[in-house]
Every structure is written in structure tokens, then in C-alpha cells.
Amino acid sequence: MQALYAQLLVGLINGSFYALLSLGLAVIFGMLNIINFAHGALYMMGAFCAYFLLNIAGIGYWPALIVAPIVVGIFGMILERTMLKWLSGLDHLYGLLLTFGLALIIQGVFQNYFGSSGLPYAIPDELKGGMNLGFMFLPIYRGWVVIFSLIVCLLTWYLIERTRLGANLRAATENPTLVRAFGINVPRMITLTYGLGVGLAALAGVLSAPINQVRPLMGADLIIVVFAVVVIGGMGSIMGSIITGFALGVIEGLTKYFYPEASNTVVFVLMVLVLLVKPSGLTGRTT
């Protein structure tokens with residue numbers, strides 16, 4: 001049973017990263033209709049940003065949770081202003097190819113300078129150690145990642161779905177001409193939305209750094225699974241991405257316990273089954 005609980009914890013940890021990353025993808029696709037294949041590379045940049053802040057500027061983990069998403073978010077907004085905005089109104093394939101190329105360039109640059117091996121990033125002193133829950137030993141940092149990720153996901157959902165700012169963001173993408181008539185700067189709203197999605201990916205990178213180390217290809221190992229999560233939850237569905245991310249992490253953990261050989265493919269098997277039954281995803285809107 002201890003092995004089962006341990007795998008469930010690992011599944012929740014992975015589900016936390018799946019949820020944060022797929023949430024960022026859902027925000028970008030749902031608002032901007034861009035399939036952002038560079039998401040994994042930007043997740044990796046978040047981890048490297050935290051690493052640089054610690055080793056160059058002496059800025060620790062807690063400030064990095066704020067600074068790294070802002071820095072990478074600004075980088076993402078520059079990408080949107082200089083490249084992605086020109087793809088507005090074109091087929092999704094153009095955005096996919098452009099962001100895929102950007103991902104290869106970003107990963108190649110980091111791999112050229114830092115190699116493929118992982119760079120260590122220490123767990124903050126406040127979150128070291130663990131708690132004995134009786135049925136298992138819970139590392140404090142891993143529990144923190146699950147709780148913090150869930151809080152961030154729910155706050156993002158509330159921001160997009162329940163606030164005036166979120167209503168303006170949705171309106172700016174659905175009917176930009178009407179929104180301009182009310183004096184709202186639509187291009188700025190679109191840029192901020194892309195920056196928000198990218199910032200969520202960078203935040204996941206900072207959370208991942210003490211667990212998985214900082215590696216140039218850490219995003220490439222994860223992005224395909226995250227796209228499968230988004231497809232299962234429904235492209236552009238905010239809550240669908242959150243629920244599916246955590247759920248698939250747990251399912252993956254259970255699969256590792258009961259049938260380890262299928263743990264790397266169970267997410268894609270579920271994706272195929274969902275697409276056969278409901279092509280729009282579990283919570284996606286049929287168009």
C-alpha cells in the first residue's frame with residue numbers, strides 16, 4: 001500500500017505540472033486561437049530563469065516564483081508582438097509551425113551552452129524534509145507543489161471566467177471590432193493574454209526545478225503529454241484543462257503501480273478514446 005500511495009503522490013505531482021502547463025495552453029488557444037508548441041521551451045526557460053536568479057543575482061526560490069514568470073511572460077509578449085500577431089486570421093497550422101520552430105531554436109541555444117545534463121536547484125529550507133502521515137511519508141516540497149498549483153489554477157480560472165478583466169479578454173478575441181468601439185486596446189489585451197499563458201508555463205518551470213533539475217530538454221519531454229491533456233479536456237477549456245491535468249496525473253500514477261509497461265502510453269490511449277467518442281474533448285464546445 002505504501003508503494004501505491006507513493007505512486008499516487010507522484011501522479012499528483014505530475015498532474016500539477018500537466019494542469020499548469022495545459023492551463024496556459026488553453027488560455028492561449030481559447031483566447032488567441034494559437035497552438036503554442038513553444039510552451040515546453042518557455043516552461044524550461046522559467047526553470048533556467050530561477051537558476052540564473054539564484055546563482056547570478058542571489059535571488060532565492062520565493063522571489064523567483066514571481067520574478068521568473070514575469071520575465072518569461074515579457075519575453076512571450078515580445079514574441080507575440082514581433083511574430084505571432086502577423087498570423088492572426090490564418091490557419092492554425094502556421095502558428096503551430098512557427099512556435100515549433102521557436103521551440104527548437106530556444107532549446108538548441110540552451111543545449112549549446114548548458115549541455116543535456118541537469119543543473120541542480122536546491123529546495124528552499126522552509127520546504128525541506130517531510131511528514132509521516134502514518135500510511136506514507138510525504139515530502140513537504142511535493143505537497144506544496146500540489147497545493148500551490150491547484151490554487152494558481154483556480155485563481156486563473158476565476159480571473160478568466162468571473163471577473164471584468166476576463167470578460168474583456170474574451171470579448172477582445174471574440175468580437176474585437178465591438179470591443180474597440182468601447183475604447184479598449186485590443187492588441188494590448190491579446191498581448192497580455194499571451195504573456196499570462198506563457199507566465200503560467202514559467203511558473204511550472206520554477207516549481208519543477210527542485211524536483212526534476214534544470215535541463216534544456218525538460219520541456220520537450222513534457223509538451224506532447226500536455227497537448228494530449230488539452231485535447232482530452234477540450235481545446236480552449238480552462239476548467240477542463242485543470243481537471244484533466246490532475247486526473248491524468250493520478251491515472252498515470254495508478255498505471256505505474258498496476259501495469260508499469262503502459263504508464264507512458266495510457267494518456268495517449270485515453271486521448272484516442274475520447275476523440276473517438278467526443279472529438280471536441282470532455283468539456284470542449286462543439287463547433
# chains A, B, ... in the order shown; residues from 1 in each chain; ligands from 1

$ residues_around --residues "Pro69 of chain A" --least-positions-apart "2" --cutoff "9 Å" --atoms "only C-alpha atoms" --output "mmCIF file with N, CA, C and O atoms, in the first residue's frame"
data_model
loop_
_atom_site.group_PDB
_atom_site.id
_atom_site.type_symbol
_atom_site.label_atom_id
_atom_site.label_comp_id
_atom_site.auth_asym_id
_atom_site.auth_seq_id
_atom_site.Cartn_x
_atom_site.Cartn_y
_atom_site.Cartn_z
ATOM 1 N N GLY A 46 11.535 29.150 -17.724
ATOM 2 C CA GLY A 46 11.165 29.512 -16.365
ATOM 3 C C GLY A 46 12.090 28.872 -15.343
ATOM 4 O O GLY A 46 12.512 29.523 -14.375
ATOM 5 N N CYS A 49 15.471 30.532 -15.634
ATOM 6 C CA CYS A 49 15.415 31.884 -15.064
ATOM 7 C C CYS A 49 15.582 31.820 -13.549
ATOM 8 O O CYS A 49 16.326 32.616 -12.954
ATOM 9 N N ALA A 64 11.749 34.133 -6.893
ATOM 10 C CA ALA A 64 11.758 33.581 -8.256
ATOM 11 C C ALA A 64 10.369 33.147 -8.698
ATOM 12 O O ALA A 64 10.064 33.164 -9.903
ATOM 13 N N LEU A 65 9.510 32.751 -7.758
ATOM 14 C CA LEU A 65 8.146 32.371 -8.112
ATOM 15 C C LEU A 65 7.382 33.537 -8.743
ATOM 16 O O LEU A 65 6.422 33.328 -9.496
ATOM 17 N N ILE A 66 7.805 34.752 -8.441
ATOM 18 C CA ILE A 66 7.168 35.946 -9.008
ATOM 19 C C ILE A 66 7.981 36.495 -10.182
ATOM 20 O O ILE A 66 7.437 36.798 -11.245
ATOM 21 N N VAL A 67 9.308 36.588 -9.986
ATOM 22 C CA VAL A 67 10.158 37.239 -10.982
ATOM 23 C C VAL A 67 10.243 36.414 -12.269
ATOM 24 O O VAL A 67 10.110 36.959 -13.379
ATOM 25 N N VAL A 71 9.433 37.690 -16.074
ATOM 26 C CA VAL A 71 10.498 37.811 -17.080
ATOM 27 C C VAL A 71 10.148 37.006 -18.328
ATOM 28 O O VAL A 71 10.217 37.509 -19.459
ATOM 29 N N VAL A 72 9.761 35.748 -18.143
ATOM 30 C CA VAL A 72 9.430 34.897 -19.293
ATOM 31 C C VAL A 72 8.138 35.384 -19.955
ATOM 32 O O VAL A 72 7.999 35.325 -21.182
ATOM 33 N N GLY A 73 7.195 35.885 -19.153
ATOM 34 C CA GLY A 73 5.981 36.445 -19.730
ATOM 35 C C GLY A 73 6.268 37.632 -20.637
ATOM 36 O O GLY A 73 5.661 37.779 -21.701
ATOM 37 N N ILE A 74 7.192 38.496 -20.217
ATOM 38 C CA ILE A 74 7.592 39.635 -21.058
ATOM 39 C C ILE A 74 8.240 39.147 -22.346
ATOM 40 O O ILE A 74 7.975 39.672 -23.441
ATOM 41 N N GLY A 195 1.055 36.696 -22.696
ATOM 42 C CA GLY A 195 2.005 36.787 -21.598
ATOM 43 C C GLY A 195 1.535 36.011 -20.375
ATOM 44 O O GLY A 195 2.340 35.379 -19.679
ATOM 45 N N LEU A 196 0.210 36.024 -20.098
ATOM 46 C CA LEU A 196 -0.339 35.267 -18.975
ATOM 47 C C LEU A 196 -0.143 33.776 -19.174
ATOM 48 O O LEU A 196 0.300 33.064 -18.259
ATOM 49 N N VAL A 198 2.064 32.231 -21.070
ATOM 50 C CA VAL A 198 3.489 31.927 -21.006
ATOM 51 C C VAL A 198 3.988 31.991 -19.561
ATOM 52 O O VAL A 198 4.806 31.173 -19.122
ATOM 53 N N GLY A 199 3.495 32.974 -18.801
ATOM 54 C CA GLY A 199 3.889 33.095 -17.402
ATOM 55 C C GLY A 199 3.503 31.873 -16.585
ATOM 56 O O GLY A 199 4.237 31.452 -15.682
ATOM 57 N N LEU A 200 2.344 31.265 -16.879
ATOM 58 C CA LEU A 200 1.934 30.042 -16.192
ATOM 59 C C LEU A 200 2.905 28.903 -16.492
ATOM 60 O O LEU A 200 3.232 28.105 -15.600
ATOM 61 N N ALA A 201 3.372 28.827 -17.732
ATOM 62 C CA ALA A 201 4.364 27.807 -18.078
ATOM 63 C C ALA A 201 5.664 28.035 -17.315
ATOM 64 O O ALA A 201 6.281 27.092 -16.799
ATOM 65 N N ALA A 202 6.108 29.293 -17.226
ATOM 66 C CA ALA A 202 7.342 29.610 -16.499
ATOM 67 C C ALA A 202 7.198 29.298 -15.019
ATOM 68 O O ALA A 202 8.146 28.816 -14.375
ATOM 69 N N LEU A 203 6.015 29.558 -14.446
ATOM 70 C CA LEU A 203 5.774 29.244 -13.038
ATOM 71 C C LEU A 203 5.903 27.745 -12.797
ATOM 72 O O LEU A 203 6.499 27.308 -11.800
ATOM 73 N N ALA A 204 5.370 26.941 -13.708
ATOM 74 C CA ALA A 204 5.514 25.492 -13.600
ATOM 75 C C ALA A 204 6.981 25.092 -13.667
ATOM 76 O O ALA A 204 7.416 24.161 -12.975
ATOM 77 N N GLY A 205 7.768 25.801 -14.479
ATOM 78 C CA GLY A 205 9.195 25.513 -14.567
ATOM 79 C C GLY A 205 9.918 25.775 -13.257
ATOM 80 O O GLY A 205 10.789 25.000 -12.842
ATOM 81 N N VAL A 206 9.565 26.869 -12.588
ATOM 82 C CA VAL A 206 10.181 27.177 -11.287
ATOM 83 C C VAL A 206 9.820 26.107 -10.271
ATOM 84 O O VAL A 206 10.681 25.633 -9.510
#

$ select_by_dssp --residues "segment 104-155 of chain A" --states "alpha helix (DSSP H)" --output "list in words"
Leu104, Ile105, Ile106, Gln107, Gly108, Val109, Phe110, Gln111, Asn112, Tyr113, Phe114, Ile140, Tyr141, Arg142, Gly143, Trp144, Val145, Val146, Ile147, Phe148, Ser149, Leu150, Ile151, Val152, Cys153, Leu154 and Leu155 of chain A

$ atom_distance --atom1 "atom CA of Asn264 of chain A" --atom2 "atom CA of Ile13 of chain A"
15.7 Å

$ atom_distance --atom1 "atom CA of Leu119 of chain A" --atom2 "atom CA of Gln213 of chain A"
5.6 Å

$ atom_distance --atom1 "atom CA of Gly118 of chain A" --atom2 "atom CA of Val230 of chain A"
27.4 Å

$ closest_atom_pairs --of "segment 161-230 of chain A" --to "segment 269-286 of chain A" --cutoff "12 Å" --atoms "only C-alpha atoms" --output "CSV"
residue,atom,partner,partner_atom,distance
A:Ile224,CA,A:Met271,CA,11.7
A:Val225,CA,A:Met271,CA,10.0
A:Val226,CA,A:Met271,CA,11.2
A:Phe227,CA,A:Met271,CA,9.8
A:Ala228,CA,A:Met271,CA,6.2
A:Val229,CA,A:Met271,CA,7.7
A:Val230,CA,A:Gly281,CA,8.3

$ closest_residue --among "A:Leu248, A:Leu21, A:Ala167, A:Ile56" --to "Leu222 of chain A" --atoms "only C-alpha atoms"
A:Leu21

$ closest_residue --among "A:Thr244, A:Ser116, A:Asn33, A:Thr265" --to "Leu12 of chain A" --atoms "only C-alpha atoms"
A:Thr244

$ residues_around --residues "Arg142 of chain A" --least-positions-apart "3" --cutoff "9 Å" --atoms "only C-alpha atoms" --output "JSON list (two decimals) with C-alpha atoms, in the first residue's frame"
[["chain", "number", "residue", "atom", "x", "y", "z"],
["A", 9, "LEU", "CA", 1.72, 11.22, -4.88],
["A", 10, "VAL", "CA", 3.95, 11.08, -7.95],
["A", 12, "LEU", "CA", -0.46, 14.25, -8.26],
["A", 13, "ILE", "CA", 2.92, 15.95, -8.72],
["A", 127, "LEU", "CA", 10.12, 23.22, 2.47],
["A", 138, "LEU", "CA", 5.07, 12.95, 2.43],
["A", 139, "PRO", "CA", 7.93, 15.23, 1.30],
["A", 145, "VAL", "CA", 3.68, 21.91, -5.30],
["A", 146, "VAL", "CA", 0.31, 20.16, -5.46],
["A", 147, "ILE", "CA", -1.47, 22.70, -3.24],
["A", 211, "ILE", "CA", 12.30, 18.12, -8.35]]

$ closest_atom_pairs --of "segment 177-255 of chain A" --to "segment 100-104 of chain A" --cutoff "10 Å" --atoms "only C-alpha atoms" --output "CSV"
residue,atom,partner,partner_atom,distance
A:Leu217,CA,A:Leu104,CA,9.9
A:Gly219,CA,A:Ala103,CA,9.3
A:Ala220,CA,A:Ala103,CA,8.6

$ residues_around --residues "segment 78-88 of chain A" --least-positions-apart "3" --cutoff "9 Å" --atoms "only C-alpha atoms" --output "PDB file with N, CA, C and O atoms, in the first residue's frame"
ATOM      1  N   LEU A  32      -6.661  33.217 -28.165  1.00  0.00           N
ATOM      2  CA  LEU A  32      -5.949  33.730 -29.333  1.00  0.00           C
ATOM      3  C   LEU A  32      -5.975  32.787 -30.532  1.00  0.00           C
ATOM      4  O   LEU A  32      -5.510  33.165 -31.607  1.00  0.00           O
ATOM      5  N   ASN A  33      -6.498  31.561 -30.350  1.00  0.00           N
ATOM      6  CA  ASN A  33      -6.503  30.563 -31.428  1.00  0.00           C
ATOM      7  C   ASN A  33      -5.105  30.256 -31.941  1.00  0.00           C
ATOM      8  O   ASN A  33      -4.906  30.065 -33.143  1.00  0.00           O
ATOM      9  N   ILE A  34      -4.129  30.220 -31.030  1.00  0.00           N
ATOM     10  CA  ILE A  34      -2.755  29.874 -31.383  1.00  0.00           C
ATOM     11  C   ILE A  34      -2.390  28.563 -30.704  1.00  0.00           C
ATOM     12  O   ILE A  34      -2.528  28.426 -29.483  1.00  0.00           O
ATOM     13  N   GLY A  73       7.195  35.885 -19.153  1.00  0.00           N
ATOM     14  CA  GLY A  73       5.981  36.445 -19.730  1.00  0.00           C
ATOM     15  C   GLY A  73       6.268  37.632 -20.637  1.00  0.00           C
ATOM     16  O   GLY A  73       5.661  37.779 -21.701  1.00  0.00           O
ATOM     17  N   ILE A  74       7.192  38.496 -20.217  1.00  0.00           N
ATOM     18  CA  ILE A  74       7.592  39.635 -21.058  1.00  0.00           C
ATOM     19  C   ILE A  74       8.240  39.147 -22.346  1.00  0.00           C
ATOM     20  O   ILE A  74       7.975  39.672 -23.441  1.00  0.00           O
ATOM     21  N   PHE A  75       9.086  38.118 -22.229  1.00  0.00           N
ATOM     22  CA  PHE A  75       9.696  37.520 -23.425  1.00  0.00           C
ATOM     23  C   PHE A  75       8.608  36.991 -24.364  1.00  0.00           C
ATOM     24  O   PHE A  75       8.679  37.174 -25.593  1.00  0.00           O
ATOM     25  N   ASP A  91      -4.624  30.077 -40.907  1.00  0.00           N
ATOM     26  CA  ASP A  91      -4.852  28.714 -40.436  1.00  0.00           C
ATOM     27  C   ASP A  91      -3.979  28.400 -39.214  1.00  0.00           C
ATOM     28  O   ASP A  91      -2.874  28.917 -39.080  1.00  0.00           O
ATOM     29  N   HIS A  92      -4.510  27.529 -38.307  1.00  0.00           N
ATOM     30  CA  HIS A  92      -3.770  27.157 -37.100  1.00  0.00           C
ATOM     31  C   HIS A  92      -2.406  26.552 -37.415  1.00  0.00           C
ATOM     32  O   HIS A  92      -1.489  26.631 -36.594  1.00  0.00           O
ATOM     33  N   TYR A  94      -0.081  27.479 -39.377  1.00  0.00           N
ATOM     34  CA  TYR A  94       1.007  28.453 -39.440  1.00  0.00           C
ATOM     35  C   TYR A  94       1.542  28.763 -38.038  1.00  0.00           C
ATOM     36  O   TYR A  94       2.753  28.837 -37.823  1.00  0.00           O
ATOM     37  N   GLY A  95       0.631  28.945 -37.088  1.00  0.00           N
ATOM     38  CA  GLY A  95       1.062  29.192 -35.718  1.00  0.00           C
ATOM     39  C   GLY A  95       1.785  27.998 -35.128  1.00  0.00           C
ATOM     40  O   GLY A  95       2.777  28.151 -34.406  1.00  0.00           O
ATOM     41  N   LEU A  98       5.311  27.881 -36.669  1.00  0.00           N
ATOM     42  CA  LEU A  98       6.167  28.949 -36.163  1.00  0.00           C
ATOM     43  C   LEU A  98       6.610  28.673 -34.733  1.00  0.00           C
ATOM     44  O   LEU A  98       7.787  28.781 -34.400  1.00  0.00           O
ATOM     45  N   THR A  99       5.659  28.309 -33.869  1.00  0.00           N
ATOM     46  CA  THR A  99       6.020  28.065 -32.470  1.00  0.00           C
ATOM     47  C   THR A  99       6.876  26.807 -32.329  1.00  0.00           C
ATOM     48  O   THR A  99       7.725  26.726 -31.436  1.00  0.00           O
ATOM     49  N   PRO A 187      -5.191  44.958 -29.265  1.00  0.00           N
ATOM     50  CA  PRO A 187      -3.864  44.338 -29.380  1.00  0.00           C
ATOM     51  C   PRO A 187      -3.153  44.197 -28.039  1.00  0.00           C
ATOM     52  O   PRO A 187      -2.475  43.195 -27.788  1.00  0.00           O
ATOM     53  N   ILE A 190      -4.622  41.227 -26.181  1.00  0.00           N
ATOM     54  CA  ILE A 190      -4.163  39.958 -26.753  1.00  0.00           C
ATOM     55  C   ILE A 190      -2.735  39.659 -26.313  1.00  0.00           C
ATOM     56  O   ILE A 190      -2.398  38.533 -25.945  1.00  0.00           O
ATOM     57  N   THR A 191      -1.884  40.689 -26.309  1.00  0.00           N
ATOM     58  CA  THR A 191      -0.503  40.506 -25.880  1.00  0.00           C
ATOM     59  C   THR A 191      -0.428  40.100 -24.409  1.00  0.00           C
ATOM     60  O   THR A 191       0.339  39.207 -24.034  1.00  0.00           O
ATOM     61  N   TYR A 194      -1.381  36.415 -24.009  1.00  0.00           N
ATOM     62  CA  TYR A 194      -0.283  35.507 -24.341  1.00  0.00           C
ATOM     63  C   TYR A 194       0.765  35.516 -23.231  1.00  0.00           C
ATOM     64  O   TYR A 194       1.299  34.468 -22.866  1.00  0.00           O
ATOM     65  N   GLY A 195       1.055  36.696 -22.696  1.00  0.00           N
ATOM     66  CA  GLY A 195       2.005  36.787 -21.598  1.00  0.00           C
ATOM     67  C   GLY A 195       1.535  36.011 -20.375  1.00  0.00           C
ATOM     68  O   GLY A 195       2.340  35.379 -19.679  1.00  0.00           O
TER      69      GLY A 195
END

$ closest_residue --among "A:Asn55, A:Gln107, A:Asn175, A:Asn185" --to "Ala38 of chain A" --atoms "only C-alpha atoms"
A:Gln107

$ select_by_dssp --residues "segment 19-244 of chain A" --states "strand (DSSP E)" --output "list in words"
Gly130, Met131, Asn132, Phe137, Leu138 and Pro139 of chain A

$ write_last_selection --atoms "N, CA and C atoms" --output "CSV table (one decimal), in the first residue's frame"
chain,number,residue,atom,x,y,z
A,130,GLY,N,10.0,16.2,5.5
A,130,GLY,CA,8.7,15.6,5.2
A,130,GLY,C,7.9,15.3,6.4
A,131,MET,N,6.7,14.8,6.2
A,131,MET,CA,5.8,14.5,7.3
A,131,MET,C,5.4,13.0,7.2
A,132,ASN,N,5.4,12.3,8.3
A,132,ASN,CA,4.9,11.0,8.4
A,132,ASN,C,3.4,11.0,8.6
A,137,PHE,N,5.1,8.5,3.8
A,137,PHE,CA,6.0,9.7,4.1
A,137,PHE,C,5.8,10.7,3.0
A,138,LEU,N,5.4,11.9,3.4
A,138,LEU,CA,5.1,13.0,2.4
A,138,LEU,C,6.2,14.0,2.5
A,139,PRO,N,7.0,14.1,1.4
A,139,PRO,CA,7.9,15.2,1.3
A,139,PRO,C,7.2,16.6,1.3

$ closest_residue --among "A:Val231, A:Ala19, A:Ile223, A:Ile106" --to "Phe48 of chain A" --atoms "only C-alpha atoms"
A:Ile106

$ residues_around --residues "Leu8 of chain A" --least-positions-apart "6" --cutoff "12 Å" --atoms "only C-alpha atoms" --output "list in words"
Met1, Gln2, Asn14, Gly15, Met136, Leu138, Arg142, Gly143, Val146, Phe246, Ala247, Leu248, Gly249, Val250, Ile251, Glu252, Gly253, Leu254, Thr255, Lys256, Tyr257 and Phe258 of chain A

$ write_last_selection --atoms "C-alpha atoms" --output "JSON list (two decimals), in the first residue's frame"
[["chain", "number", "residue", "atom", "x", "y", "z"],
["A", 1, "MET", "CA", 0.00, 0.00, 0.00],
["A", 2, "GLN", "CA", 2.88, 2.37, 0.69],
["A", 14, "ASN", "CA", 2.91, 15.20, -12.46],
["A", 15, "GLY", "CA", -0.75, 16.22, -12.60],
["A", 136, "MET", "CA", 3.15, 7.14, 3.86],
["A", 138, "LEU", "CA", 5.07, 12.95, 2.43],
["A", 142, "ARG", "CA", 5.97, 17.89, -3.16],
["A", 143, "GLY", "CA", 2.88, 18.56, -1.08],
["A", 146, "VAL", "CA", 0.31, 20.16, -5.46],
["A", 246, "PHE", "CA", -4.74, 16.43, -12.26],
["A", 247, "ALA", "CA", -6.89, 13.42, -13.18],
["A", 248, "LEU", "CA", -4.50, 12.12, -15.83],
["A", 249, "GLY", "CA", -1.56, 12.55, -13.47],
["A", 250, "VAL", "CA", -3.33, 10.30, -10.94],
["A", 251, "ILE", "CA", -4.31, 7.79, -13.65],
["A", 252, "GLU", "CA", -0.70, 7.71, -14.83],
["A", 253, "GLY", "CA", 0.47, 7.09, -11.25],
["A", 254, "LEU", "CA", -2.01, 4.24, -10.77],
["A", 255, "THR", "CA", -0.94, 2.72, -14.08],
["A", 256, "LYS", "CA", 2.71, 2.75, -12.95],
["A", 257, "TYR", "CA", 1.66, 0.73, -9.90],
["A", 258, "PHE", "CA", -0.67, -1.82, -11.54]]
